[in-house]
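Visitor: Can you keep this structure in mind? I'll have questions shortly.
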Amino acid sequence: MAAAPGRILVAPRRAGFAAQQSAYDEAFKTRNAPPSAPCDSMNPHPGAGPSPVIFDPSLRIGLPEIDRQHSELIDELNRLIADAHGSVSSETLVDVLSSLGRELAEHFRFEESLFGRLGMHHEEVDAHVAAHEEILSQYVELNLDLMNKLRRLSRAEILSMVRQWVTGHIVSYDLRMRGLLAN
Ligand SMILES: [Fe+2]
Ligand SMILES: [Fe+2]
């Protein structure tokens, strides 16, 4: 089977990502500990499917436009969570995945335009931008795989990826902007 073009494009970026992440963590190890996990990890009804993510203060940065964009991305994630028992080709999944790439790309561009004004250190900027690029690469790869049926992915696996792109990234990277705003 021929390799998908997307794999060739994304592979080189992946190679340096672990190192970037490590440098990023090192640069910030003296800062506040990461916030506790967002409420989506707490499901009071095990077996009833995953709970929606609540965009509560633990996920807010304090910059209204970024918080608004994060809220919209979480809305998309929650649409997938509500449709968790649908098929990998459900209308909701196709709809969310078809618009999520553009929404993520626009949001990342906006966020990156603020990094300089926040006085972010260049190592921090490089690692944060690399994390954005990694998410967009994964998004392209997922869509190519689904389109070409190259990987058998379950709904749970797809949901887990989208959760990482949205809440995982907010918790691991974006919330660190909150500390810069306080300075
Ligand atoms: Fe970000
Ligand atoms: Fe963000």
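In the structure tokens, each chain is lettered A, B, ... as it comes, each chain's residues begin at 1, and ligands are numbered from 1 in order of appearance.
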At a cut-off of 12 Å and counting only C-alpha atoms and all ligand atoms, what residues surround ligand 1? Please answer as a PDB file with N, CA and C atoms, in the first residue's frame.

Guide:
ATOM      1  N   ILE A  61      -8.121  31.686  30.573  1.00  0.00           N
ATOM      2  CA  ILE A  61      -6.819  32.351  30.555  1.00  0.00           C
ATOM      3  C   ILE A  61      -6.924  33.739  31.199  1.00  0.00           C
ATOM      4  N   ILE A  66      -9.390  35.113  23.659  1.00  0.00           N
ATOM      5  CA  ILE A  66      -8.875  33.736  23.683  1.00  0.00           C
ATOM      6  C   ILE A  66      -9.862  32.833  24.417  1.00  0.00           C
ATOM      7  N   ASP A  67     -10.396  33.308  25.536  1.00  0.00           N
ATOM      8  CA  ASP A  67     -11.372  32.493  26.273  1.00  0.00           C
ATOM      9  C   ASP A  67     -12.608  32.209  25.415  1.00  0.00           C
ATOM     10  N   GLN A  69     -12.690  31.984  22.126  1.00  0.00           N
ATOM     11  CA  GLN A  69     -12.315  30.998  21.113  1.00  0.00           C
ATOM     12  C   GLN A  69     -12.175  29.605  21.745  1.00  0.00           C
ATOM     13  N   HIS A  70     -11.584  29.541  22.944  1.00  0.00           N
ATOM     14  CA  HIS A  70     -11.477  28.247  23.622  1.00  0.00           C
ATOM     15  C   HIS A  70     -12.859  27.672  23.912  1.00  0.00           C
ATOM     16  N   LEU A  73     -14.143  26.084  20.821  1.00  0.00           N
ATOM     17  CA  LEU A  73     -13.480  24.799  20.536  1.00  0.00           C
ATOM     18  C   LEU A  73     -14.013  23.719  21.476  1.00  0.00           C
ATOM     19  N   LEU A 104      -9.139  25.516  14.483  1.00  0.00           N
ATOM     20  CA  LEU A 104      -7.887  25.410  15.244  1.00  0.00           C
ATOM     21  C   LEU A 104      -6.813  26.304  14.626  1.00  0.00           C
ATOM     22  N   ALA A 105      -6.693  26.257  13.293  1.00  0.00           N
ATOM     23  CA  ALA A 105      -5.644  27.041  12.622  1.00  0.00           C
ATOM     24  C   ALA A 105      -5.851  28.537  12.877  1.00  0.00           C
ATOM     25  N   GLU A 106      -7.093  29.015  12.782  1.00  0.00           N
ATOM     26  CA  GLU A 106      -7.361  30.440  13.015  1.00  0.00           C
ATOM     27  C   GLU A 106      -7.088  30.814  14.472  1.00  0.00           C
ATOM     28  N   HIS A 107      -7.495  29.924  15.366  1.00  0.00           N
ATOM     29  CA  HIS A 107      -7.269  30.199  16.788  1.00  0.00           C
ATOM     30  C   HIS A 107      -5.768  30.247  17.091  1.00  0.00           C
ATOM     31  N   PHE A 108      -5.027  29.289  16.543  1.00  0.00           N
ATOM     32  CA  PHE A 108      -3.580  29.257  16.808  1.00  0.00           C
ATOM     33  C   PHE A 108      -2.912  30.510  16.266  1.00  0.00           C
ATOM     34  N   ARG A 109      -3.338  30.954  15.082  1.00  0.00           N
ATOM     35  CA  ARG A 109      -2.745  32.172  14.500  1.00  0.00           C
ATOM     36  C   ARG A 109      -3.003  33.374  15.404  1.00  0.00           C
ATOM     37  N   PHE A 110      -4.233  33.455  15.911  1.00  0.00           N
ATOM     38  CA  PHE A 110      -4.571  34.579  16.789  1.00  0.00           C
ATOM     39  C   PHE A 110      -3.735  34.524  18.069  1.00  0.00           C
ATOM     40  N   GLU A 111      -3.668  33.339  18.637  1.00  0.00           N
ATOM     41  CA  GLU A 111      -2.920  33.193  19.891  1.00  0.00           C
ATOM     42  C   GLU A 111      -1.451  33.571  19.682  1.00  0.00           C
ATOM     43  N   GLU A 112      -0.873  33.089  18.583  1.00  0.00           N
ATOM     44  CA  GLU A 112       0.552  33.358  18.316  1.00  0.00           C
ATOM     45  C   GLU A 112       0.802  34.849  18.092  1.00  0.00           C
ATOM     46  N   SER A 113      -0.202  35.576  17.593  1.00  0.00           N
ATOM     47  CA  SER A 113      -0.030  37.014  17.368  1.00  0.00           C
ATOM     48  C   SER A 113       0.087  37.771  18.689  1.00  0.00           C
ATOM     49  N   LEU A 114      -0.310  37.135  19.787  1.00  0.00           N
ATOM     50  CA  LEU A 114      -0.254  37.799  21.090  1.00  0.00           C
ATOM     51  C   LEU A 114       1.012  37.469  21.875  1.00  0.00           C
ATOM     52  N   PHE A 115       1.724  36.457  21.449  1.00  0.00           N
ATOM     53  CA  PHE A 115       2.869  35.990  22.241  1.00  0.00           C
ATOM     54  C   PHE A 115       3.876  37.107  22.502  1.00  0.00           C
ATOM     55  N   GLU A 124       9.860  29.649  24.851  1.00  0.00           N
ATOM     56  CA  GLU A 124       8.458  29.350  25.139  1.00  0.00           C
ATOM     57  C   GLU A 124       7.616  29.496  23.872  1.00  0.00           C
ATOM     58  N   VAL A 125       7.898  30.561  23.106  1.00  0.00           N
ATOM     59  CA  VAL A 125       7.171  30.777  21.859  1.00  0.00           C
ATOM     60  C   VAL A 125       7.417  29.613  20.906  1.00  0.00           C
ATOM     61  N   ASP A 126       8.696  29.235  20.728  1.00  0.00           N
ATOM     62  CA  ASP A 126       9.028  28.158  19.786  1.00  0.00           C
ATOM     63  C   ASP A 126       8.313  26.860  20.162  1.00  0.00           C
ATOM     64  N   ALA A 127       8.328  26.534  21.447  1.00  0.00           N
ATOM     65  CA  ALA A 127       7.707  25.276  21.876  1.00  0.00           C
ATOM     66  C   ALA A 127       6.189  25.319  21.725  1.00  0.00           C
ATOM     67  N   HIS A 128       5.614  26.481  22.025  1.00  0.00           N
ATOM     68  CA  HIS A 128       4.155  26.611  21.919  1.00  0.00           C
ATOM     69  C   HIS A 128       3.722  26.528  20.446  1.00  0.00           C
ATOM     70  N   VAL A 129       4.475  27.223  19.578  1.00  0.00           N
ATOM     71  CA  VAL A 129       4.155  27.168  18.145  1.00  0.00           C
ATOM     72  C   VAL A 129       4.340  25.735  17.625  1.00  0.00           C
ATOM     73  N   ALA A 130       5.379  25.057  18.086  1.00  0.00           N
ATOM     74  CA  ALA A 130       5.602  23.664  17.654  1.00  0.00           C
ATOM     75  C   ALA A 130       4.435  22.779  18.083  1.00  0.00           C
ATOM     76  N   ALA A 131       3.898  23.047  19.270  1.00  0.00           N
ATOM     77  CA  ALA A 131       2.746  22.261  19.747  1.00  0.00           C
ATOM     78  C   ALA A 131       1.531  22.516  18.857  1.00  0.00           C
ATOM     79  N   HIS A 132       1.347  23.780  18.448  1.00  0.00           N
ATOM     80  CA  HIS A 132       0.247  24.089  17.520  1.00  0.00           C
ATOM     81  C   HIS A 132       0.435  23.335  16.197  1.00  0.00           C
ATOM     82  N   GLU A 133       1.668  23.380  15.676  1.00  0.00           N
ATOM     83  CA  GLU A 133       1.924  22.713  14.388  1.00  0.00           C
ATOM     84  C   GLU A 133       1.715  21.211  14.494  1.00  0.00           C
ATOM     85  N   GLU A 134       2.100  20.661  15.632  1.00  0.00           N
ATOM     86  CA  GLU A 134       1.927  19.221  15.835  1.00  0.00           C
ATOM     87  C   GLU A 134       0.434  18.860  15.807  1.00  0.00           C
ATOM     88  N   ILE A 135      -0.384  19.670  16.448  1.00  0.00           N
ATOM     89  CA  ILE A 135      -1.829  19.405  16.456  1.00  0.00           C
ATOM     90  C   ILE A 135      -2.387  19.479  15.033  1.00  0.00           C
ATOM     91  N   LEU A 136      -1.967  20.498  14.289  1.00  0.00           N
ATOM     92  CA  LEU A 136      -2.473  20.628  12.914  1.00  0.00           C
ATOM     93  C   LEU A 136      -1.991  19.468  12.047  1.00  0.00           C
ATOM     94  N   GLN A 164      -7.294  15.931  23.416  1.00  0.00           N
ATOM     95  CA  GLN A 164      -5.914  16.372  23.609  1.00  0.00           C
ATOM     96  C   GLN A 164      -5.647  17.689  22.881  1.00  0.00           C
ATOM     97  N   TRP A 165      -6.168  17.810  21.665  1.00  0.00           N
ATOM     98  CA  TRP A 165      -5.952  19.036  20.879  1.00  0.00           C
ATOM     99  C   TRP A 165      -6.583  20.245  21.573  1.00  0.00           C
ATOM    100  N   VAL A 166      -7.713  20.037  22.224  1.00  0.00           N
ATOM    101  CA  VAL A 166      -8.451  21.166  22.800  1.00  0.00           C
ATOM    102  C   VAL A 166      -8.097  21.337  24.287  1.00  0.00           C
ATOM    103  N   THR A 167      -8.639  20.514  25.144  1.00  0.00           N
ATOM    104  CA  THR A 167      -8.403  20.737  26.582  1.00  0.00           C
ATOM    105  C   THR A 167      -6.977  20.367  26.988  1.00  0.00           C
ATOM    106  N   GLY A 168      -6.428  19.316  26.364  1.00  0.00           N
ATOM    107  CA  GLY A 168      -5.051  18.929  26.699  1.00  0.00           C
ATOM    108  C   GLY A 168      -4.087  20.065  26.425  1.00  0.00           C
ATOM    109  N   HIS A 169      -4.256  20.703  25.263  1.00  0.00           N
ATOM    110  CA  HIS A 169      -3.353  21.803  24.896  1.00  0.00           C
ATOM    111  C   HIS A 169      -3.587  23.033  25.783  1.00  0.00           C
ATOM    112  N   ILE A 170      -4.833  23.317  26.102  1.00  0.00           N
ATOM    113  CA  ILE A 170      -5.111  24.471  26.970  1.00  0.00           C
ATOM    114  C   ILE A 170      -4.410  24.283  28.318  1.00  0.00           C
ATOM    115  N   VAL A 171      -4.561  23.080  28.878  1.00  0.00           N
ATOM    116  CA  VAL A 171      -3.988  22.824  30.203  1.00  0.00           C
ATOM    117  C   VAL A 171      -2.459  22.819  30.151  1.00  0.00           C
ATOM    118  N   SER A 172      -1.897  22.179  29.115  1.00  0.00           N
ATOM    119  CA  SER A 172      -0.436  22.026  29.058  1.00  0.00           C
ATOM    120  C   SER A 172       0.294  23.278  28.597  1.00  0.00           C
ATOM    121  N   TYR A 173      -0.345  24.087  27.779  1.00  0.00           N
ATOM    122  CA  TYR A 173       0.345  25.247  27.201  1.00  0.00           C
ATOM    123  C   TYR A 173      -0.350  26.582  27.470  1.00  0.00           C
ATOM    124  N   ASP A 174      -1.621  26.665  27.084  1.00  0.00           N
ATOM    125  CA  ASP A 174      -2.259  27.984  27.073  1.00  0.00           C
ATOM    126  C   ASP A 174      -2.404  28.594  28.467  1.00  0.00           C
ATOM    127  N   LEU A 175      -2.650  27.756  29.465  1.00  0.00           N
ATOM    128  CA  LEU A 175      -2.862  28.319  30.795  1.00  0.00           C
ATOM    129  C   LEU A 175      -1.607  29.005  31.316  1.00  0.00           C
ATOM    130  N   ARG A 176      -0.458  28.712  30.703  1.00  0.00           N
ATOM    131  CA  ARG A 176       0.767  29.382  31.152  1.00  0.00           C
ATOM    132  C   ARG A 176       0.753  30.865  30.790  1.00  0.00           C
ATOM    133  N   MET A 177      -0.106  31.228  29.842  1.00  0.00           N
ATOM    134  CA  MET A 177      -0.237  32.664  29.510  1.00  0.00           C
ATOM    135  C   MET A 177      -0.873  33.421  30.669  1.00  0.00           C
ATOM    136  N   ARG A 178      -1.624  32.707  31.480  1.00  0.00           N
ATOM    137  CA  ARG A 178      -2.280  33.351  32.608  1.00  0.00           C
ATOM    138  C   ARG A 178      -1.225  33.956  33.553  1.00  0.00           C
TER     139      ARG A 178
END

Visitor: From the options A:Leu180, A:Ile74, A:Leu142, A:Ile54, which residue's atoms come nearest to ligand 2, counting only C-alpha atoms and all ligand atoms?

Guide: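 Once distances to ligand 2 are computed over only C-alpha atoms and all ligand atoms, the minimum belongs to A:Ile74.
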
Visitor: From the set A:Leu100, A:Arg163, A:Ser87, A:Phe55, which residue has the shortest atom-to-atom contact distance to Arg68 of chain A, counting only C-alpha atoms?

Guide: A:Phe55
